[in-house]
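Asks: Next up, upload18.txt (compact mmCIF, C-alpha atoms and all ligand atoms).
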```
# COMPACT_ATOMS: atom_id res chain seq x y z
CA MET A 1 -7.89 -20.80 44.80
CA THR A 2 -10.58 -18.59 43.24
CA LEU A 3 -12.01 -19.24 39.79
CA PRO A 4 -11.65 -18.27 37.01
CA VAL A 5 -7.87 -18.67 36.88
CA TYR A 6 -6.25 -15.67 35.19
CA LEU A 7 -3.55 -16.70 32.70
CA ASP A 8 -3.80 -13.78 30.31
CA ASN A 9 -1.12 -11.52 31.74
CA HIS A 10 0.09 -10.42 28.30
CA ALA A 11 -3.26 -8.72 27.74
CA THR A 12 -3.16 -6.90 31.05
CA THR A 13 -2.17 -7.48 34.66
CA ARG A 14 -3.78 -6.92 38.02
CA VAL A 15 -2.66 -3.70 39.70
CA ASP A 16 -0.25 -4.61 42.48
CA PRO A 17 -1.88 -3.72 45.83
CA ARG A 18 1.22 -1.66 46.70
CA ALA A 19 0.79 0.41 43.55
CA LEU A 20 -2.94 0.81 44.19
CA GLY A 21 -2.31 1.88 47.78
CA ALA A 22 0.13 4.54 46.65
CA MET A 23 -2.37 5.86 44.07
CA LEU A 24 -5.40 6.32 46.30
CA PRO A 25 -4.39 9.54 48.13
CA PHE A 26 -3.91 11.22 44.77
CA PHE A 27 -7.63 10.87 44.02
CA ALA A 28 -9.02 12.03 47.33
CA GLU A 29 -6.57 14.28 49.17
CA ASP A 30 -3.57 15.20 47.03
CA TYR A 31 -5.64 15.88 43.95
CA GLY A 32 -3.64 18.88 42.77
CA ASN A 33 -2.58 19.58 39.21
CA ALA A 34 1.14 18.86 38.88
CA ALA A 35 1.43 22.01 36.75
CA SER A 36 0.04 24.31 39.48
CA LYS A 37 3.17 26.08 40.64
CA GLN A 38 1.50 28.42 43.13
CA HIS A 39 0.23 26.21 45.92
CA ALA A 40 0.89 23.14 47.99
CA PHE A 41 -1.60 20.94 46.14
CA GLY A 42 0.34 21.43 42.94
CA TRP A 43 3.70 21.01 44.65
CA ARG A 44 2.70 17.70 46.21
CA ALA A 45 1.40 16.39 42.89
CA GLU A 46 4.53 17.51 41.12
CA ALA A 47 6.78 15.89 43.73
CA ALA A 48 4.87 12.62 43.33
CA VAL A 49 5.21 12.76 39.53
CA GLU A 50 8.94 13.44 39.76
CA LEU A 51 9.44 10.52 42.15
CA ALA A 52 7.57 8.29 39.67
CA ARG A 53 9.69 9.61 36.83
CA ARG A 54 12.82 8.54 38.72
CA GLN A 55 11.31 5.12 39.44
CA VAL A 56 10.38 4.52 35.80
CA ALA A 57 13.76 5.82 34.60
CA SER A 58 15.60 3.44 36.88
CA LEU A 59 13.72 0.45 35.42
CA VAL A 60 15.40 1.06 32.07
CA GLY A 61 18.63 2.65 33.26
CA ALA A 62 17.64 6.08 31.94
CA SER A 63 17.80 9.46 33.59
CA PRO A 64 14.50 10.97 34.79
CA ASP A 65 14.45 13.80 32.25
CA GLU A 66 14.45 11.17 29.48
CA VAL A 67 10.99 9.89 30.55
CA ILE A 68 7.85 11.33 28.87
CA PHE A 69 4.56 10.13 30.36
CA THR A 70 1.87 9.16 27.84
CA SER A 71 -1.48 7.36 27.95
CA GLY A 72 0.14 3.98 27.25
CA ALA A 73 2.32 2.10 24.83
CA THR A 74 0.03 2.72 21.84
CA GLU A 75 0.48 6.45 22.27
CA SER A 76 4.21 6.09 22.97
CA VAL A 77 4.68 4.10 19.77
CA ASN A 78 2.67 6.63 17.75
CA LEU A 79 4.68 9.49 19.24
CA ALA A 80 7.99 7.74 18.57
CA LEU A 81 7.23 6.75 14.97
CA LYS A 82 5.14 9.67 13.73
CA GLY A 83 7.09 12.16 15.82
CA VAL A 84 10.49 11.14 14.47
CA VAL A 85 9.28 10.73 10.88
CA THR A 86 7.60 14.15 10.90
CA ALA A 87 10.73 15.79 12.25
CA ALA A 88 13.05 14.11 9.72
CA PRO A 89 14.51 16.02 6.78
CA ALA A 90 12.43 15.64 3.61
CA GLU A 91 15.07 13.66 1.72
CA ARG A 92 14.77 10.80 4.21
CA ASN A 93 11.72 8.59 3.73
CA HIS A 94 12.41 5.07 5.02
CA VAL A 95 11.42 3.18 8.17
CA ILE A 96 12.34 -0.39 9.15
CA THR A 97 10.24 -2.67 11.32
CA ALA A 98 9.50 -6.39 11.71
CA ALA A 99 6.63 -8.71 10.82
CA THR A 100 5.80 -9.71 14.40
CA GLU A 101 5.40 -6.24 15.87
CA HIS A 102 2.33 -5.28 17.86
CA ARG A 103 -0.48 -3.65 15.87
CA ALA A 104 0.41 -0.34 17.50
CA VAL A 105 3.65 -0.39 15.47
CA LEU A 106 2.39 -2.11 12.31
CA ASP A 107 -0.72 0.04 11.95
CA THR A 108 1.28 3.21 12.55
CA CYS A 109 3.73 2.07 9.87
CA SER A 110 0.83 1.39 7.47
CA SER A 111 -0.45 4.87 8.05
CA LEU A 112 3.03 6.28 7.38
CA ALA A 113 3.21 4.18 4.22
CA ARG A 114 -0.12 5.58 3.04
CA ALA A 115 1.37 9.03 3.56
CA GLY A 116 4.18 8.10 1.14
CA LEU A 117 6.87 6.60 3.35
CA ASP A 118 8.87 3.49 2.37
CA VAL A 119 8.45 0.81 5.03
CA THR A 120 10.64 -2.30 5.16
CA VAL A 121 9.04 -5.11 7.16
CA ILE A 122 11.74 -7.62 8.08
CA PRO A 123 10.58 -11.25 8.29
CA VAL A 124 11.39 -13.43 11.31
CA ASP A 125 12.68 -16.99 11.57
CA ARG A 126 10.52 -19.85 12.84
CA PHE A 127 11.29 -18.86 16.44
CA GLY A 128 10.19 -15.28 15.88
CA LEU A 129 13.69 -13.78 15.77
CA VAL A 130 14.77 -10.93 13.52
CA ASP A 131 18.27 -11.52 12.14
CA PRO A 132 20.30 -8.41 13.10
CA ASP A 133 22.15 -8.74 9.78
CA ASP A 134 18.82 -8.18 8.02
CA VAL A 135 18.51 -4.91 9.92
CA ARG A 136 22.05 -3.97 8.89
CA ARG A 137 21.34 -4.78 5.24
CA SER A 138 18.04 -2.86 5.23
CA ILE A 139 19.49 0.43 6.48
CA THR A 140 20.05 2.97 3.71
CA SER A 141 21.04 6.64 3.62
CA LYS A 142 17.31 7.41 3.60
CA THR A 143 16.45 5.47 6.78
CA ILE A 144 14.82 7.63 9.47
CA LEU A 145 14.12 5.05 12.15
CA VAL A 146 14.26 1.35 13.04
CA SER A 147 11.47 -0.02 15.25
CA ILE A 148 11.87 -3.60 16.49
CA MET A 149 10.28 -4.84 19.69
CA ALA A 150 12.18 -6.15 22.70
CA ALA A 151 9.81 -9.05 23.44
CA ASN A 152 6.81 -10.37 21.60
CA ASN A 153 3.38 -10.27 23.21
CA GLU A 154 2.10 -13.49 21.62
CA ILE A 155 4.97 -15.96 21.52
CA GLY A 156 7.27 -14.36 24.10
CA THR A 157 10.38 -14.34 21.91
CA VAL A 158 12.98 -11.87 23.18
CA SER A 159 14.69 -10.18 20.24
CA ALA A 160 18.40 -9.39 19.88
CA PHE A 161 17.48 -5.79 20.76
CA GLU A 162 20.89 -4.92 22.15
CA GLU A 163 22.69 -5.99 19.01
CA ILE A 164 20.08 -4.31 16.80
CA GLY A 165 20.58 -1.15 18.85
CA ARG A 166 24.34 -1.30 18.31
CA ILE A 167 23.87 -1.68 14.56
CA CYS A 168 21.55 1.32 14.47
CA ARG A 169 24.00 3.34 16.53
CA ASP A 170 26.86 2.42 14.16
CA HIS A 171 24.74 3.70 11.27
CA GLU A 172 23.54 6.73 13.24
CA VAL A 173 19.91 5.73 12.74
CA PRO A 174 17.59 6.18 15.77
CA TYR A 175 16.29 2.91 17.20
CA HIS A 176 12.88 2.56 18.82
CA THR A 177 11.94 -0.58 20.73
CA ASP A 178 8.47 -1.51 21.94
CA ALA A 179 9.48 -2.78 25.37
CA THR A 180 5.93 -3.14 26.67
CA GLN A 181 6.15 -6.89 27.32
CA ALA A 182 9.82 -6.88 28.27
CA ALA A 183 9.69 -4.18 30.93
CA GLY A 184 9.69 -5.65 34.39
CA LYS A 185 10.23 -9.17 33.01
CA ILE A 186 13.78 -9.04 31.65
CA PRO A 187 16.63 -6.57 32.29
CA LEU A 188 16.43 -3.54 30.03
CA ARG A 189 19.04 -1.36 31.66
CA ALA A 190 21.57 -2.07 28.97
CA ALA A 191 19.07 -1.52 26.17
CA THR A 192 20.81 0.42 23.49
CA ALA A 193 17.55 1.88 22.17
CA ASP A 194 17.18 5.61 21.64
CA LEU A 195 13.44 5.38 22.21
CA LEU A 196 11.59 2.85 24.39
CA SER A 197 7.84 2.43 24.70
CA LEU A 198 6.44 1.23 28.02
CA SER A 199 2.98 0.58 29.44
CA ALA A 200 2.08 0.38 33.14
CA HIS A 201 -0.81 -2.07 32.85
CA LYS A 202 1.42 -4.86 31.49
CA MET A 203 3.61 -4.64 34.60
CA TYR A 204 1.11 -4.50 37.49
CA GLY A 205 0.39 -0.79 37.23
CA PRO A 206 -2.85 0.91 36.13
CA LYS A 207 -4.27 1.15 32.63
CA GLY A 208 -4.08 4.34 30.62
CA ILE A 209 -0.54 5.32 31.56
CA GLY A 210 2.76 4.62 29.86
CA ALA A 211 5.97 6.30 28.88
CA LEU A 212 8.18 7.02 25.96
CA VAL A 213 11.79 7.06 27.08
CA ILE A 214 13.83 9.28 24.78
CA ARG A 215 17.53 8.78 25.36
CA ALA A 216 19.79 11.80 25.30
CA ARG A 217 22.27 11.23 22.46
CA ARG A 218 24.43 13.11 20.00
CA PRO A 219 22.89 14.27 17.77
CA PRO A 220 19.65 14.31 19.78
CA VAL A 221 16.62 12.42 18.42
CA ARG A 222 14.23 15.08 17.18
CA LEU A 223 10.52 14.50 17.35
CA VAL A 224 7.35 16.47 16.78
CA PRO A 225 4.59 16.05 19.40
CA LEU A 226 1.23 14.46 18.57
CA LEU A 227 -0.61 16.60 21.11
CA GLU A 228 -0.14 20.29 21.59
CA GLY A 229 -1.51 22.40 24.39
CA GLY A 230 0.06 23.40 27.65
CA GLY A 231 3.57 22.27 26.78
CA HIS A 232 3.72 19.57 29.45
CA GLU A 233 6.38 16.87 29.35
CA ARG A 234 8.99 19.08 27.72
CA GLY A 235 6.47 20.07 25.07
CA LEU A 236 6.28 16.50 23.79
CA ARG A 237 2.99 15.53 25.38
CA SER A 238 0.65 18.30 26.38
CA GLY A 239 -2.26 17.63 28.69
CA THR A 240 -2.75 17.61 32.47
CA LEU A 241 -0.77 14.76 33.95
CA ASN A 242 -2.70 11.75 35.25
CA VAL A 243 -1.07 11.96 38.67
CA PRO A 244 -2.63 8.89 40.38
CA ALA A 245 -1.81 6.66 37.41
CA ILE A 246 1.72 8.04 37.17
CA VAL A 247 2.23 7.33 40.89
CA GLY A 248 0.99 3.76 40.39
CA PHE A 249 3.25 3.31 37.38
CA GLY A 250 6.22 4.54 39.43
CA VAL A 251 5.60 2.11 42.28
CA ALA A 252 5.06 -0.72 39.78
CA ALA A 253 8.42 0.12 38.20
CA GLU A 254 10.16 0.20 41.56
CA ILE A 255 8.70 -3.18 42.52
CA ALA A 256 9.87 -4.57 39.18
CA VAL A 257 13.42 -3.30 39.76
CA ASN A 258 13.54 -4.90 43.20
CA GLU A 259 11.76 -8.17 42.48
CA MET A 260 12.32 -8.99 38.82
CA ALA A 261 15.16 -11.44 39.37
CA THR A 262 13.42 -13.62 41.97
CA GLU A 263 10.03 -13.25 40.39
CA SER A 264 11.12 -14.29 36.91
CA GLY A 265 12.69 -17.46 38.35
CA ARG A 266 9.48 -18.37 40.15
CA ILE A 267 7.26 -17.61 37.18
CA SER A 268 9.39 -19.41 34.61
CA GLY A 269 9.36 -22.43 36.95
CA LEU A 270 5.56 -22.41 36.92
CA ARG A 271 5.54 -21.88 33.16
CA ASP A 272 7.85 -24.86 32.63
CA ARG A 273 5.63 -26.97 34.89
CA LEU A 274 2.59 -25.92 32.82
CA ILE A 275 4.27 -26.94 29.58
CA GLY A 276 5.67 -30.16 31.09
CA GLY A 277 2.31 -31.10 32.57
CA LEU A 278 0.51 -30.60 29.26
CA LEU A 279 3.18 -32.46 27.29
CA GLU A 280 2.72 -35.39 29.70
CA ALA A 281 -1.07 -35.31 29.59
CA LEU A 282 -1.54 -34.91 25.84
CA ASP A 283 -0.20 -36.67 22.75
CA GLU A 284 0.69 -33.73 20.68
CA VAL A 285 1.60 -30.26 21.92
CA ARG A 286 3.96 -27.86 20.19
CA VAL A 287 5.63 -24.91 21.84
CA ASN A 288 5.78 -21.73 19.75
CA GLY A 289 8.51 -19.14 20.10
CA HIS A 290 12.19 -19.37 20.90
CA PRO A 291 13.33 -22.23 23.20
CA GLU A 292 15.72 -20.01 25.20
CA SER A 293 15.42 -16.38 24.21
CA ARG A 294 11.97 -15.90 25.66
CA LEU A 295 9.95 -14.17 28.34
CA PRO A 296 9.71 -16.06 31.65
CA ASN A 297 5.91 -15.79 31.76
CA ASN A 298 4.90 -16.88 28.26
CA ALA A 299 3.75 -20.20 26.88
CA SER A 300 2.30 -20.17 23.39
CA LEU A 301 1.11 -23.71 22.76
CA LEU A 302 -0.21 -25.33 19.61
CA PHE A 303 -2.65 -28.22 20.10
CA PRO A 304 -3.05 -29.78 16.63
CA GLY A 305 -6.60 -30.88 15.91
CA ALA A 306 -8.13 -28.72 18.66
CA ASN A 307 -9.53 -25.35 17.65
CA ALA A 308 -8.46 -22.91 20.34
CA ASP A 309 -11.72 -21.00 20.47
CA ARG A 310 -13.59 -24.29 20.99
CA VAL A 311 -11.12 -25.37 23.66
CA MET A 312 -11.57 -22.07 25.45
CA MET A 313 -15.38 -22.34 25.25
CA SER A 314 -15.24 -25.63 27.11
CA MET A 315 -13.05 -24.31 29.95
CA LYS A 316 -14.63 -21.01 30.92
CA ASP A 317 -12.86 -21.03 34.29
CA ILE A 318 -9.46 -20.55 32.65
CA ALA A 319 -8.73 -17.11 31.19
CA VAL A 320 -6.30 -17.41 28.27
CA SER A 321 -6.33 -16.13 24.72
CA SER A 322 -6.34 -17.82 21.35
CA GLY A 323 -4.21 -17.40 18.25
CA SER A 324 -7.13 -15.76 16.56
CA ALA A 325 -8.27 -13.06 18.90
CA CYS A 326 -5.01 -11.46 19.94
CA SER A 327 -6.08 -8.18 18.55
CA SER A 328 -9.70 -8.76 19.35
CA ALA A 329 -10.83 -6.08 16.91
CA LEU A 330 -9.43 -8.15 14.03
CA PRO A 331 -10.74 -11.65 13.36
CA GLY A 332 -8.62 -14.26 11.56
CA PRO A 333 -5.34 -15.96 12.39
CA SER A 334 -2.68 -13.93 14.20
CA HIS A 335 -0.08 -12.22 12.01
CA VAL A 336 2.62 -13.24 14.50
CA LEU A 337 1.86 -16.96 14.24
CA GLN A 338 1.71 -16.69 10.45
CA ALA A 339 5.05 -14.86 10.45
CA ILE A 340 6.74 -17.78 12.24
CA GLY A 341 5.39 -20.12 9.57
CA LEU A 342 2.23 -21.55 11.10
CA SER A 343 -0.65 -22.27 8.74
CA GLY A 344 -3.97 -20.55 9.34
CA GLU A 345 -5.28 -23.82 10.77
CA GLU A 346 -2.32 -24.17 13.15
CA SER A 347 -2.69 -20.57 14.30
CA LEU A 348 -6.31 -21.20 15.15
CA CYS A 349 -5.20 -24.17 17.31
CA THR A 350 -2.82 -22.04 19.37
CA ILE A 351 -3.46 -20.85 22.92
CA ARG A 352 -1.41 -18.17 24.63
CA PHE A 353 -0.82 -18.57 28.35
CA GLY A 354 0.49 -15.54 30.20
CA LEU A 355 1.55 -16.19 33.78
CA GLY A 356 2.11 -13.45 36.28
CA ARG A 357 3.02 -12.23 39.74
CA PHE A 358 -0.20 -13.55 41.24
CA THR A 359 -0.17 -16.96 39.55
CA THR A 360 0.06 -19.81 42.10
CA PRO A 361 1.24 -23.43 41.78
CA GLU A 362 -2.32 -24.59 42.61
CA GLU A 363 -3.67 -22.59 39.69
CA ILE A 364 -1.13 -24.16 37.35
CA GLU A 365 -2.01 -27.69 38.48
CA TYR A 366 -5.69 -26.89 38.01
CA ALA A 367 -5.04 -25.37 34.57
CA ILE A 368 -3.08 -28.43 33.41
CA GLY A 369 -6.02 -30.68 34.23
CA ARG A 370 -8.67 -28.41 32.72
CA VAL A 371 -6.73 -27.63 29.53
CA ALA A 372 -5.81 -31.28 28.92
CA GLU A 373 -9.44 -32.29 29.38
CA ALA A 374 -10.74 -29.52 27.13
CA VAL A 375 -8.20 -30.28 24.38
CA ARG A 376 -9.05 -34.01 24.48
CA GLN A 377 -12.78 -33.28 24.28
CA THR A 378 -12.34 -30.81 21.43
CA ARG A 379 -10.11 -33.19 19.50
CA ALA A 380 -12.62 -36.00 19.90
CA ALA A 381 -15.50 -33.75 18.79
CA GLN A 382 -13.55 -32.51 15.77
CA ARG A 383 -12.55 -36.06 14.74
CA LEU A 384 -16.21 -37.05 14.93
CA THR A 385 -17.20 -34.13 12.71
CA VAL A 386 -14.55 -35.11 10.17
CA MET A 387 -15.77 -38.74 10.20
CA GLU A 388 -19.38 -37.66 9.70
CA GLN A 389 -18.34 -35.55 6.78
CA THR A 390 -16.41 -38.35 5.00
C1 LIG B 401 -0.19 -4.12 25.16
C2 LIG B 401 0.86 -3.79 24.17
C3 LIG B 401 0.87 -2.55 23.52
C4 LIG B 401 -0.19 -1.51 23.73
O1 LIG B 401 -0.12 -0.98 25.04
P1 LIG B 401 -1.27 -0.06 25.62
O2 LIG B 401 -0.65 0.57 26.82
O3 LIG B 401 -2.39 -0.96 25.96
O4 LIG B 401 -1.62 0.95 24.59
C5 LIG B 401 1.90 -2.31 22.63
N1 LIG B 401 2.86 -3.21 22.40
C6 LIG B 401 2.88 -4.40 23.01
C7 LIG B 401 4.00 -5.35 22.73
C8 LIG B 401 1.88 -4.74 23.91
O5 LIG B 401 1.90 -5.93 24.50
```
Represent the structure from my file as structure tokens, please.
Ligand SMILES: *Cc1c(COP(=O)(O)O)cnc(C)c1O

Replies:
Amino acid sequence: MTLPVYLDNHATTRVDPRALGAMLPFFAEDYGNAASKQHAFGWRAEAAVELARRQVASLVGASPDEVIFTSGATESVNLALKGVVTAAPAERNHVITAATEHRAVLDTCSSLARAGLDVTVIPVDRFGLVDPDDVRRSITSKTILVSIMAANNEIGTVSAFEEIGRICRDHEVPYHTDATQAAGKIPLRAATADLLSLSAHKMYGPKGIGALVIRARRPPVRLVPLLEGGGHERGLRSGTLNVPAIVGFGVAAEIAVNEMATESGRISGLRDRLIGGLLEALDEVRVNGHPESRLPNNASLLFPGANADRVMMSMKDIAVSSGSACSSALPGPSHVLQAIGLSGEESLCTIRFGLGRFTTPEEIEYAIGRVAEAVRQTRAAQRLTVMEQT
């Protein structure tokens, strides 16, 4: 076992060696521009991109021409939301989203709201679930788009995205889902979303590459591109394609298709052992998120009386993240934890564990010991401070 132990796989994941191996020739030998139609360098690059497009499509049960490569989920979300809103007829002015979305979605919605759009932010229950009936009730004749994530990046709750998709379809409103955390972890083939945002680096591919999957439907979802230039990606995302990253993304998607079922069983076993071990070792531990409808690799744990940042400071050989720093640019308690009803204090006592493909049983046993020790120490130190103050 090598230290530190990486348990922050919601933030990013290690590139799978198979994906890395497939990428390398596209830096050094096959470095052509996939848009160069006149020579073999271009043809080889284009063939590699089209293979990757098929691999990514098959992860979500889409057809290859429905996949638009972007720089990552943040760009995909921006393209989906701003692109669809900009293309909508002027008399429509309403977007629906949920309180626990990633900042990529919430900040884009705030920017749309500043530009005059009506945004409905649906609250969640204490498990982080959006009630599909709330979506149904929020849709009006002015609704342009519904954007509700497939799985949450902090608490791991898997939404009722299929049912929400059916409701949107019944009302003929396009449905976007941020599937960044769900892709490769849970089956998405049956996802009834019209638009899906994906990111390679959350599923053992490289950073800086993602996709927006735009389902063919009747009537088609219209969207205006964010970037204009050479007309790449069916005119929806101009700019020379990042061929090595796209190749790595493709291989990562193919591995996910082949290994998701066995891998998620192994990882959820380790996750359950982590939770069980900490529950045994410590007096008070609360598990955030939904008890069943959840990602296999997530454990969001609340340790009352132990400030998460202080706990993390005293176990520098365990890489996790706290309920405060999820969007590291923004200090203060996480909006997701507040949305499920935690107080600011409780949020700041929450640690997110994200297990992954490369997590071993030894690492989990080590983490249980270190975390339990660090929480006990922090609790004792905080009790002492309280006593000194009173
Ligand atoms: C990481 C993440 C994003 C942003 O993805 P990038 O590819 O890093 O831009 C968006 N949504 C969710 C749910 C995420 O976890």

Asks: Which neighbours of Val121 in chain A fall inside 7 Å, counting only C-alpha atoms, when residues of the same chain fewer than 5 positions from it are skipped, and could you give them as a PyMOL selection string?

Replies: chain A and resi 96-99

Asks: Got a sec: who's within 10 Å of Leu301 in chain A, counting all atoms listed in the file, leaving out chain neighbours fewer than 2 positions off, as a PyMOL selection string?

Replies: chain A and resi 155+275+278+285-289+298-299+303-304+308+322-323+347+349-353

Asks: Fewer than 6 positions away in the same chain doesn't count, so skip those; otherwise give me all residues within 7 Å of range 366-368 of chain A, counting all atoms listed in the file, as a compact mmCIF listing (two decimals) with C-alpha atoms, in the frame of the given file.

Replies:
```txt
# COMPACT_ATOMS: atom_id res chain seq x y z
CA LEU A 274 2.59 -25.92 32.82
CA GLY A 277 2.31 -31.10 32.57
CA LEU A 278 0.51 -30.60 29.26
CA ILE A 318 -9.46 -20.55 32.65
```

Asks: Work out where the centre of an axis-aligned box around every listed atom of ligand LIG 401 (chain B) lies and how long its edges are once 3 Å is added on each side; give both in Å to one decimal as JSON.

Replies:
```
{"center_x": 0.8, "center_y": -2.5, "center_z": 24.6, "size_x": 12.4, "size_y": 12.9, "size_z": 10.4}
```

Asks: Between A:Ile68, A:Ala381, A:Ala57, A:Leu348, which residue has the minimum interatomic distance to Gly231 in chain A, considering all atoms listed in the file?

Replies: A:Ile68

Asks: Of the candidates A:Ala281, A:Ile209, A:Leu59, A:Ala11, which one gets nearest to Gly356 in chain A if we count all atoms listed in the file?

Replies: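 Checking each of A:Ala281, A:Ile209, A:Leu59, A:Ala11 against Gly356 in chain A, counting all atoms listed in the file, the winner is A:Ala11.
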
Asks: Chain A near ligand LIG 401 (chain B) within 10 Å: what's each residue's closest atom pair and its distance in Å to one decimal, counting all atoms listed in the file, ordered by chain then ascending residue number, as a Markdown table?

Replies:
```
| residue | atom | partner | partner_atom | distance |
| --- | --- | --- | --- | --- |
| A:Asn9 | CA | B:LIG401 | O5 | 9.6 |
| A:His10 | CA | B:LIG401 | O5 | 6.2 |
| A:Ala11 | CA | B:LIG401 | C1 | 6.1 |
| A:Thr12 | CA | B:LIG401 | C1 | 7.2 |
| A:Thr70 | CA | B:LIG401 | O2 | 9.0 |
| A:Ser71 | CA | B:LIG401 | O2 | 6.9 |
| A:Gly72 | CA | B:LIG401 | O2 | 3.5 |
| A:Ala73 | CA | B:LIG401 | O2 | 3.9 |
| A:Thr74 | CA | B:LIG401 | O4 | 3.7 |
| A:Glu75 | CA | B:LIG401 | O4 | 6.3 |
| A:Ser76 | CA | B:LIG401 | O4 | 7.9 |
| A:Val77 | CA | B:LIG401 | C5 | 7.5 |
| A:Asn78 | CA | B:LIG401 | O4 | 9.9 |
| A:Thr100 | CA | B:LIG401 | C7 | 9.6 |
| A:Glu101 | CA | B:LIG401 | C7 | 7.1 |
| A:His102 | CA | B:LIG401 | N1 | 5.0 |
| A:Arg103 | CA | B:LIG401 | C5 | 7.3 |
| A:Ala104 | CA | B:LIG401 | C5 | 5.7 |
| A:Val105 | CA | B:LIG401 | N1 | 7.5 |
| A:Met149 | CA | B:LIG401 | C7 | 7.0 |
| A:Ala150 | CA | B:LIG401 | C7 | 8.2 |
| A:Ala151 | CA | B:LIG401 | C7 | 6.9 |
| A:Asn152 | CA | B:LIG401 | C7 | 5.9 |
| A:Asn153 | CA | B:LIG401 | O5 | 4.8 |
| A:Glu154 | CA | B:LIG401 | O5 | 8.1 |
| A:Gly156 | CA | B:LIG401 | C7 | 9.7 |
| A:Thr177 | CA | B:LIG401 | C7 | 9.5 |
| A:Asp178 | CA | B:LIG401 | N1 | 5.9 |
| A:Ala179 | CA | B:LIG401 | C7 | 6.6 |
| A:Thr180 | CA | B:LIG401 | C7 | 4.9 |
| A:Gln181 | CA | B:LIG401 | O5 | 5.2 |
| A:Ala182 | CA | B:LIG401 | C7 | 8.2 |
| A:Ser197 | CA | B:LIG401 | N1 | 7.9 |
| A:Leu198 | CA | B:LIG401 | O2 | 7.2 |
| A:Ser199 | CA | B:LIG401 | O2 | 4.5 |
| A:Ala200 | CA | B:LIG401 | O2 | 6.9 |
| A:His201 | CA | B:LIG401 | O2 | 6.6 |
| A:Lys202 | CA | B:LIG401 | C1 | 6.6 |
| A:Pro206 | CA | B:LIG401 | O2 | 9.6 |
| A:Lys207 | CA | B:LIG401 | O2 | 6.9 |
| A:Gly208 | CA | B:LIG401 | O2 | 6.4 |
| A:Ile209 | CA | B:LIG401 | O2 | 6.7 |
| A:Gly210 | CA | B:LIG401 | O2 | 6.1 |
| A:Ala211 | CA | B:LIG401 | O2 | 9.0 |
| A:Cys326 | CA | B:LIG401 | O5 | 10.0 |
| A:Ser327 | CA | B:LIG401 | C1 | 9.7 |
```

Asks: Which residue, A:Gly230, A:Gly21, A:Pro244, A:Gly83, has the smallest gap to Arg44 in chain A when you use all atoms listed in the file?

Replies: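 Using all atoms listed in the file, Arg44 in chain A sits closest to A:Pro244.
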
Asks: Which residue out of A:Val130, A:Arg310, A:Ala62, A:Leu145 has the minimum interatomic distance to Arg215 in chain A when all atoms listed in the file are used?

Replies: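 Checking each candidate against Arg215 in chain A, we get A:Ala62 as the closest.
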
Asks: To one decimal in Å, tell me the separation between CA of Pro123 in chain A and CA of His290 in chain A.

Replies: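 Interatomic distance here is 15.1 Å.
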